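Note: the block below is entry-v3.txt and it holds compact mmCIF, C-alpha atoms.
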```txt
# COMPACT_ATOMS: atom_id res chain seq x y z
CA MET A 1 -46.50 109.42 87.05
CA ALA A 2 -48.48 111.63 84.70
CA ARG A 3 -50.07 109.86 81.79
CA PHE A 4 -48.96 112.57 79.33
CA VAL A 5 -45.23 112.49 79.92
CA LEU A 6 -44.06 109.71 77.67
CA THR A 7 -46.74 110.54 75.14
CA GLY A 8 -44.96 113.80 74.56
CA ARG A 9 -41.51 112.25 74.84
CA PHE A 10 -42.17 109.77 72.04
CA LEU A 11 -44.41 112.02 70.01
CA ASN A 12 -42.58 111.38 66.77
CA LEU A 13 -41.28 107.94 67.65
CA ARG A 14 -44.14 105.93 69.12
CA PRO A 15 -47.51 106.15 67.33
CA ASP A 16 -48.98 103.72 69.88
CA VAL A 17 -48.20 106.14 72.68
CA ASN A 18 -49.82 108.97 70.76
CA ARG A 19 -52.97 106.88 70.51
CA VAL A 20 -53.02 106.46 74.29
CA LEU A 21 -53.50 110.18 74.87
CA THR A 22 -55.95 110.51 72.00
CA ALA A 23 -58.12 107.71 73.36
CA ALA A 24 -57.92 109.07 76.88
CA ARG A 25 -59.25 112.41 75.75
CA THR A 26 -62.16 111.29 73.60
CA TYR A 27 -64.34 110.29 76.53
CA CYS A 28 -66.57 112.77 78.31
CA SER A 29 -68.34 112.15 81.58
CA PRO A 30 -72.04 111.50 81.20
CA ALA A 31 -74.55 113.90 82.62
CA GLY A 32 -75.24 113.30 86.29
CA ALA A 33 -75.53 115.08 89.57
CA SER A 34 -72.71 117.58 89.92
CA ALA A 35 -71.83 120.34 92.36
CA ARG A 36 -69.02 122.04 94.22
CA GLN A 37 -68.21 121.19 97.81
CA ARG A 38 -66.10 123.31 100.16
CA VAL A 39 -63.22 121.14 101.36
CA ASN A 40 -60.06 122.21 103.17
CA GLY A 41 -60.53 125.82 102.10
CA VAL A 42 -61.26 125.23 98.40
CA ASP A 43 -64.35 124.50 96.30
CA LEU A 44 -63.99 121.07 94.73
CA PHE A 45 -66.06 120.09 91.71
CA TYR A 46 -67.51 116.59 91.74
CA GLU A 47 -69.95 114.39 89.85
CA GLN A 48 -72.00 111.60 91.38
CA THR A 49 -73.67 108.65 89.67
CA GLY A 50 -75.38 105.53 90.97
CA ARG A 51 -77.29 104.80 94.14
CA GLY A 52 -75.59 101.72 95.54
CA GLU A 53 -74.46 101.24 99.12
CA HIS A 54 -70.79 100.88 98.12
CA ALA A 55 -69.26 104.35 97.63
CA VAL A 56 -66.31 104.70 95.25
CA LEU A 57 -64.05 107.73 94.67
CA LEU A 58 -62.26 108.10 91.33
CA LEU A 59 -58.87 109.87 91.49
CA PRO A 60 -57.62 111.28 88.14
CA GLY A 61 -54.08 111.70 86.87
CA ALA A 62 -51.91 114.79 86.51
CA LEU A 63 -53.87 117.76 85.14
CA GLY A 64 -56.80 115.34 84.88
CA SER A 65 -60.44 115.72 85.78
CA THR A 66 -63.61 113.70 86.05
CA ARG A 67 -64.63 114.96 82.60
CA THR A 68 -61.47 113.80 80.86
CA ASP A 69 -60.39 110.71 82.79
CA PHE A 70 -63.31 108.53 83.85
CA GLY A 71 -66.18 108.74 81.38
CA PRO A 72 -66.68 104.96 80.98
CA GLN A 73 -66.58 104.39 84.73
CA LEU A 74 -69.08 107.12 85.57
CA LYS A 75 -71.33 105.87 82.81
CA SER A 76 -71.14 102.12 83.22
CA LEU A 77 -70.11 101.00 86.69
CA ASN A 78 -73.12 99.23 88.22
CA LYS A 79 -75.41 101.96 89.51
CA GLU A 80 -77.43 99.60 91.70
CA ARG A 81 -74.37 98.38 93.58
CA PHE A 82 -72.18 101.50 93.63
CA THR A 83 -72.36 105.22 94.21
CA VAL A 84 -69.48 106.61 92.14
CA ILE A 85 -67.91 110.01 92.81
CA GLY A 86 -65.63 111.62 90.25
CA TRP A 87 -63.85 114.83 91.23
CA ASP A 88 -61.40 117.43 90.00
CA PRO A 89 -58.53 117.87 92.49
CA ARG A 90 -57.78 121.44 93.54
CA GLY A 91 -56.39 123.52 90.71
CA TYR A 92 -57.44 120.99 88.07
CA GLY A 93 -60.41 121.04 85.71
CA ARG A 94 -63.40 122.75 87.27
CA SER A 95 -61.90 122.95 90.77
CA ARG A 96 -60.47 126.38 90.00
CA PRO A 97 -59.68 128.77 91.48
CA PRO A 98 -57.11 128.31 92.86
CA ASP A 99 -54.58 127.67 90.11
CA ARG A 100 -52.69 124.47 90.70
CA ASP A 101 -49.43 124.49 92.60
CA PHE A 102 -47.06 121.67 93.53
CA PRO A 103 -45.58 121.97 97.01
CA ALA A 104 -43.57 119.06 98.39
CA ASP A 105 -46.72 117.49 99.81
CA PHE A 106 -49.05 117.88 96.83
CA TYR A 107 -49.83 114.16 96.62
CA GLU A 108 -50.60 114.12 100.33
CA ARG A 109 -52.77 117.20 99.90
CA ASP A 110 -54.76 115.54 97.12
CA ALA A 111 -55.15 112.46 99.29
CA ALA A 112 -56.45 114.54 102.19
CA ASP A 113 -58.80 116.51 99.93
CA GLY A 114 -60.26 113.34 98.46
CA VAL A 115 -60.89 111.79 101.85
CA GLU A 116 -62.43 114.98 103.24
CA LEU A 117 -64.63 115.33 100.17
CA MET A 118 -66.09 111.88 100.74
CA LYS A 119 -66.60 112.56 104.44
CA SER A 120 -68.29 115.87 103.69
CA LEU A 121 -70.67 114.09 101.31
CA GLY A 122 -71.65 111.75 104.12
CA PHE A 123 -69.69 108.62 103.22
CA CYS A 124 -68.15 106.99 106.27
CA LYS A 125 -66.60 104.10 104.31
CA PHE A 126 -65.56 104.07 100.66
CA SER A 127 -63.26 102.51 98.10
CA LEU A 128 -60.66 104.28 95.96
CA LEU A 129 -59.87 103.90 92.26
CA GLY A 130 -56.71 105.82 91.32
CA TRP A 131 -55.14 106.22 87.91
CA SER A 132 -51.55 107.40 87.40
CA ASP A 133 -50.95 110.39 89.71
CA GLY A 134 -54.35 109.68 91.24
CA GLY A 135 -53.14 106.21 92.14
CA ILE A 136 -50.28 107.72 94.11
CA SER A 137 -52.69 109.86 96.10
CA ALA A 138 -54.98 106.85 96.56
CA LEU A 139 -52.11 104.82 98.04
CA ILE A 140 -51.36 107.63 100.48
CA ALA A 141 -55.03 107.98 101.42
CA ALA A 142 -55.37 104.25 102.03
CA ALA A 143 -52.30 104.29 104.27
CA ARG A 144 -53.38 107.32 106.29
CA SER A 145 -57.15 106.71 106.51
CA ARG A 146 -57.24 102.99 107.11
CA ASP A 147 -60.51 103.18 109.02
CA LEU A 148 -62.28 104.83 106.07
CA VAL A 149 -60.94 103.07 102.99
CA HIS A 150 -62.72 99.83 102.21
CA ARG A 151 -60.88 98.67 99.09
CA LEU A 152 -58.23 100.09 96.76
CA VAL A 153 -57.56 99.75 93.03
CA VAL A 154 -54.58 101.48 91.37
CA TRP A 155 -53.13 101.36 87.87
CA GLY A 156 -50.41 103.26 86.01
CA SER A 157 -48.95 104.42 89.31
CA ASN A 158 -45.51 104.43 90.91
CA ALA A 159 -44.18 104.83 94.44
CA PHE A 160 -40.81 106.30 93.40
CA ILE A 161 -39.06 107.95 90.47
CA THR A 162 -35.62 107.56 88.97
CA GLN A 163 -33.25 109.92 87.20
CA HIS A 164 -34.30 108.29 83.94
CA ASP A 165 -37.88 109.29 84.71
CA MET A 166 -36.78 112.86 85.34
CA ASP A 167 -34.89 112.99 82.06
CA LEU A 168 -38.11 112.03 80.29
CA TYR A 169 -40.14 114.63 82.20
CA ASN A 170 -37.69 117.40 81.37
CA ALA A 171 -37.66 116.36 77.71
CA VAL A 172 -41.34 117.23 77.43
CA ARG A 173 -41.41 120.27 79.67
CA ASP A 174 -41.95 122.64 76.74
CA VAL A 175 -45.47 121.86 75.50
CA SER A 176 -44.98 124.07 72.44
CA LYS A 177 -43.00 121.14 71.04
CA TRP A 178 -46.01 118.85 71.35
CA SER A 179 -48.24 118.43 68.33
CA ALA A 180 -51.43 120.50 68.23
CA ARG A 181 -53.39 117.26 68.41
CA MET A 182 -51.77 116.39 71.75
CA ARG A 183 -52.09 119.87 73.23
CA GLN A 184 -55.66 120.62 72.22
CA PRO A 185 -57.61 118.57 74.80
CA LEU A 186 -55.74 120.13 77.70
CA GLU A 187 -55.84 123.58 76.16
CA ASP A 188 -59.60 123.17 75.93
CA VAL A 189 -59.70 122.69 79.71
CA TYR A 190 -57.08 125.21 80.81
CA GLY A 191 -56.34 127.51 77.91
CA ALA A 192 -52.97 127.45 76.18
CA GLU A 193 -51.09 129.69 78.60
CA LEU A 194 -52.32 128.12 81.82
CA PHE A 195 -51.83 124.61 80.47
CA ALA A 196 -48.20 125.33 79.56
CA ARG A 197 -47.55 126.96 82.91
CA THR A 198 -49.23 124.20 84.91
CA TRP A 199 -47.47 121.44 83.03
CA ALA A 200 -44.05 123.02 83.62
CA ALA A 201 -44.97 123.42 87.29
CA TRP A 202 -45.85 119.73 87.44
CA VAL A 203 -42.41 118.81 86.09
CA ASP A 204 -40.84 121.00 88.77
CA GLY A 205 -43.11 119.44 91.36
CA VAL A 206 -42.15 115.85 90.66
CA SER A 207 -38.48 116.80 90.44
CA GLN A 208 -38.54 117.30 94.20
CA PHE A 209 -38.82 113.55 94.75
CA ILE A 210 -35.58 112.67 93.00
CA LYS A 211 -33.78 114.33 95.91
CA ARG A 212 -35.37 111.96 98.41
CA PRO A 213 -33.76 108.64 99.36
CA GLU A 214 -34.45 106.15 96.56
CA GLY A 215 -36.53 108.79 94.81
CA SER A 216 -39.43 107.94 97.07
CA ILE A 217 -42.84 109.45 96.47
CA CYS A 218 -44.78 107.26 98.87
CA MET A 219 -42.70 104.12 99.43
CA GLU A 220 -43.04 104.48 103.18
CA CYS A 221 -46.84 104.35 102.93
CA LEU A 222 -47.10 100.98 101.24
CA PRO A 223 -46.54 98.77 104.33
CA LEU A 224 -49.22 100.77 106.17
CA ILE A 225 -51.99 99.85 103.73
CA THR A 226 -54.28 97.22 105.24
CA CYS A 227 -57.32 97.26 102.94
CA PRO A 228 -57.69 94.71 100.12
CA THR A 229 -55.73 96.13 97.20
CA LEU A 230 -55.74 95.38 93.49
CA VAL A 231 -52.83 96.58 91.34
CA VAL A 232 -53.70 96.53 87.64
CA HIS A 233 -51.06 96.93 84.96
CA GLY A 234 -51.11 96.97 81.19
CA GLU A 235 -48.30 94.86 79.83
CA LYS A 236 -47.97 97.25 76.87
CA ASP A 237 -47.92 100.37 79.04
CA PRO A 238 -45.26 102.59 77.41
CA MET A 239 -45.31 105.06 80.30
CA VAL A 240 -44.91 103.01 83.48
CA PRO A 241 -42.61 99.96 83.51
CA ILE A 242 -44.06 96.79 84.94
CA SER A 243 -41.44 96.95 87.68
CA HIS A 244 -43.46 99.73 89.34
CA ALA A 245 -46.56 97.54 89.51
CA GLN A 246 -44.47 94.65 90.81
CA TYR A 247 -43.00 96.90 93.50
CA LEU A 248 -46.46 97.96 94.66
CA HIS A 249 -47.63 94.34 94.70
CA LYS A 250 -44.59 93.26 96.72
CA HIS A 251 -44.85 96.00 99.33
CA VAL A 252 -48.63 96.26 99.84
CA LYS A 253 -49.33 93.24 102.02
CA GLY A 254 -51.88 90.85 100.58
CA SER A 255 -52.34 92.82 97.37
CA ARG A 256 -53.12 91.24 94.03
CA LEU A 257 -51.48 92.01 90.72
CA HIS A 258 -53.61 91.70 87.60
CA LEU A 259 -51.91 92.03 84.22
CA MET A 260 -53.77 92.99 81.06
CA PRO A 261 -51.73 91.67 78.10
CA GLU A 262 -53.02 94.24 75.61
CA GLY A 263 -53.40 97.08 78.11
CA LYS A 264 -51.51 100.32 77.82
CA HIS A 265 -51.47 103.26 80.21
CA ASN A 266 -55.11 104.14 79.55
CA LEU A 267 -56.34 100.58 79.88
CA HIS A 268 -59.54 101.64 81.69
CA LEU A 269 -60.50 103.77 78.67
CA ARG A 270 -59.27 101.40 75.98
CA PHE A 271 -60.89 98.32 77.52
CA PRO A 272 -63.66 99.75 79.69
CA GLU A 273 -65.87 96.66 79.79
CA GLU A 274 -63.04 94.38 80.87
CA PHE A 275 -61.73 96.90 83.37
CA ASN A 276 -65.12 97.73 84.84
CA LYS A 277 -65.98 94.05 85.33
CA LEU A 278 -62.62 93.45 86.98
CA VAL A 279 -63.24 96.35 89.35
CA GLU A 280 -66.84 95.41 90.08
CA ASP A 281 -65.86 91.84 90.91
CA PHE A 282 -63.07 92.97 93.20
CA LEU A 283 -65.11 95.61 94.98
CA GLY A 284 -67.98 93.18 95.43
CA GLU A 285 -65.98 90.51 97.25
```

Go ahead and express the file in the form of structure tokens.
Amino acid sequence: MARFVLTGRFLNLRPDVNRVLTAARTYCSPAGASARQRVNGVDLFYEQTGRGEHAVLLLPGALGSTRTDFGPQLKSLNKERFTVIGWDPRGYGRSRPPDRDFPADFYERDAADGVELMKSLGFCKFSLLGWSDGGISALIAAARSRDLVHRLVVWGSNAFITQHDMDLYNAVRDVSKWSARMRQPLEDVYGAELFARTWAAWVDGVSQFIKRPEGSICMECLPLITCPTLVVHGEKDPMVPISHAQYLHKHVKGSRLHLMPEGKHNLHLRFPEEFNKLVEDFLGE
């Protein structure tokens, strides 16, 4: 699920949801080593921080990028213990061209790109941290590359969608109805026209899953995940119901569910110290 959807949906009804997007967009990635790497026919932008033996890939949400989504993690995750890679999936952020498209397998494509990026950078074993849409791709990657993925952390993610979800997505399809404050951060990345076009394409892309049995996005992948998995959920998340986190916990064997009572959808940005410590402790086990 994209982190922007319900923000737009409740733009005039839920000030707390508006603050989620505002907070998420005030962080910028710190300066570090950055480059583009040719992967699966496209040039992917990435940033790398730290020098630890444990490699970690950060997977951003819909229309997200390393610059917008993971500033506190790139800055503050322990640089002696971890080597942290943030990247912009194809068609997002600075991994353009190409413009983003959303075929039926776009989550699988992002999963494959992320894994190949890490392999091309010389990492033979790594952990995944996935937020929102990035969590979906991380789940798929962990299921399909079991020999490569060491540990997995996901938050704000879902393995299926419902008709209610689709009603919310369609309600915010037209970004011209968003406030300027909500549009501006994404327009800064994409420009107004491309942002509007890409967002509408994302809505069309996720609508494909409602036609699948049970609205599955990656339900079939969950039993295949064998790495230690931590599912984090903010109990005040206005975008993803807790039932999605509970479903992931139930169907990923041996996984843990950690609830943050004050956490919302952007809990890793709102409470970076708490989140980073939680992640560091889990990855270090």

Distance of CA of Trp202 (chain A) from CA of Arg94 (chain A), expressed in Å to one decimal place: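 Taking CA of Arg94 (chain A) as the start and CA of Trp202 (chain A) as the end point, the length is 17.8 Å.
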
So, with only C-alpha atoms as the atoms that count, which of A:Arg144, A:Arg197, A:Arg38, A:Lys277 lies closest to Asp99 (chain A)?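 Of all the options, A:Arg197 lies closest to Asp99 (chain A).
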
Nearest residue to Lys264 (chain A) out of A:Leu278, A:Leu248, A:Val232, A:Val149, using all atoms listed in the file?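 The answer is A:Val232, which sits nearest to Lys264 (chain A).
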
Min atom-atom distance to Gln208 (chain A) from the set A:Glu53, A:Glu80, A:Asp105, A:Glu187, counting all atoms listed in the file, belongs to A:Asp105

When you count only C-alpha atoms, which of these residues is closest to Asn78 (chain A): A:Ala55, A:Val189, A:Leu139, A:Ala62?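 Closest candidate: A:Ala55.
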
Non-local contacts of Asp204 (chain A) (10 Å; only C-alpha atoms; under 4 positions in same chain excluded) as a PyMOL selection string: chain A and resi 102-103+166+169-170+173+198-200+208-209

Minimum-distance residue to Lys125 (chain A), chosen among A:Gln184, A:Thr83, A:Ser216, A:Ser137 (using only C-alpha atoms):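 Among the listed residues, the smallest separation from Lys125 (chain A) belongs to A:Thr83.
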
Using all atoms listed in the file: which of A:Glu47, A:Glu220, A:Asp237, A:Glu280 has the shortest distance to Val84 (chain A):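 Among the listed residues, A:Glu47 lies closest to Val84 (chain A).
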
Could you work out how far CA of Gly134 (chain A) lies from CA of Tyr92 (chain A), giving the answer in Å with one decimal?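 The value is 12.1 Å.
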
Kindly give the distance, in Å, that separates CA of Cys221 (chain A) and CA of Glu285 (chain A), rounded to a single decimal.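 It comes out at 24.3 Å.
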
Give me the residues within 12 Å of His258 (chain A) as an MDAnalysis selection string, counting only C-alpha atoms and dropping any in the same chain fewer than 6 places off. chainID A and resid 153:155 229:235 242 245:246 248:249 274:275 278:279 282

Since the input has fewer atoms than a full residue there, write region 139-165 of chain A out with N, CA and C atoms, as a tab-separated table (two decimals), in the frame of the given file.
```tsv
chain	number	residue	atom	x	y	z
A	139	LEU	N	-52.96	105.61	97.15
A	139	LEU	CA	-52.11	104.82	98.04
A	139	LEU	C	-51.87	105.55	99.36
A	140	ILE	N	-51.60	106.84	99.27
A	140	ILE	CA	-51.36	107.63	100.48
A	140	ILE	C	-52.63	107.69	101.33
A	141	ALA	N	-53.77	107.91	100.69
A	141	ALA	CA	-55.03	107.98	101.42
A	141	ALA	C	-55.33	106.67	102.11
A	142	ALA	N	-55.10	105.55	101.44
A	142	ALA	CA	-55.37	104.25	102.03
A	142	ALA	C	-54.47	103.98	103.23
A	143	ALA	N	-53.23	104.49	103.16
A	143	ALA	CA	-52.30	104.29	104.27
A	143	ALA	C	-52.66	105.16	105.47
A	144	ARG	N	-53.16	106.35	105.22
A	144	ARG	CA	-53.38	107.32	106.29
A	144	ARG	C	-54.82	107.33	106.81
A	145	SER	N	-55.74	106.74	106.08
A	145	SER	CA	-57.15	106.71	106.51
A	145	SER	C	-57.65	105.28	106.47
A	146	ARG	N	-56.96	104.41	107.18
A	146	ARG	CA	-57.24	102.99	107.11
A	146	ARG	C	-58.64	102.64	107.60
A	147	ASP	N	-59.17	103.46	108.51
A	147	ASP	CA	-60.51	103.18	109.02
A	147	ASP	C	-61.61	103.58	108.05
A	148	LEU	N	-61.28	104.34	107.02
A	148	LEU	CA	-62.28	104.83	106.07
A	148	LEU	C	-62.26	104.12	104.73
A	149	VAL	N	-61.10	103.64	104.33
A	149	VAL	CA	-60.94	103.07	102.99
A	149	VAL	C	-61.24	101.59	103.01
A	150	HIS	N	-62.24	101.21	102.24
A	150	HIS	CA	-62.72	99.83	102.21
A	150	HIS	C	-61.85	98.96	101.30
A	151	ARG	N	-61.69	99.39	100.05
A	151	ARG	CA	-60.88	98.67	99.09
A	151	ARG	C	-60.16	99.68	98.18
A	152	LEU	N	-59.09	99.21	97.54
A	152	LEU	CA	-58.23	100.09	96.76
A	152	LEU	C	-57.87	99.43	95.44
A	153	VAL	N	-58.01	100.20	94.35
A	153	VAL	CA	-57.56	99.75	93.03
A	153	VAL	C	-56.68	100.85	92.44
A	154	VAL	N	-55.48	100.50	92.00
A	154	VAL	CA	-54.58	101.48	91.37
A	154	VAL	C	-54.02	100.90	90.08
A	155	TRP	N	-53.76	101.78	89.12
A	155	TRP	CA	-53.13	101.36	87.87
A	155	TRP	C	-52.37	102.54	87.28
A	156	GLY	N	-51.25	102.22	86.60
A	156	GLY	CA	-50.41	103.26	86.01
A	156	GLY	C	-49.74	104.14	87.04
A	157	SER	N	-49.48	103.60	88.22
A	157	SER	CA	-48.95	104.42	89.31
A	157	SER	C	-47.57	103.92	89.75
A	158	ASN	N	-46.85	104.77	90.44
A	158	ASN	CA	-45.51	104.43	90.91
A	158	ASN	C	-45.26	105.05	92.28
A	159	ALA	N	-44.48	104.37	93.09
A	159	ALA	CA	-44.18	104.83	94.44
A	159	ALA	C	-42.85	105.57	94.53
A	160	PHE	N	-42.10	105.61	93.42
A	160	PHE	CA	-40.81	106.30	93.40
A	160	PHE	C	-40.51	106.71	91.96
A	161	ILE	N	-39.53	107.58	91.80
A	161	ILE	CA	-39.06	107.95	90.47
A	161	ILE	C	-37.55	107.81	90.40
A	162	THR	N	-37.05	107.70	89.20
A	162	THR	CA	-35.62	107.56	88.97
A	162	THR	C	-35.12	108.76	88.15
A	163	GLN	N	-33.81	108.85	88.02
A	163	GLN	CA	-33.25	109.92	87.20
A	163	GLN	C	-33.67	109.76	85.74
A	164	HIS	N	-33.82	108.52	85.30
A	164	HIS	CA	-34.30	108.29	83.94
A	164	HIS	C	-35.69	108.88	83.76
A	165	ASP	N	-36.55	108.68	84.77
A	165	ASP	CA	-37.88	109.29	84.71
A	165	ASP	C	-37.78	110.80	84.57
```
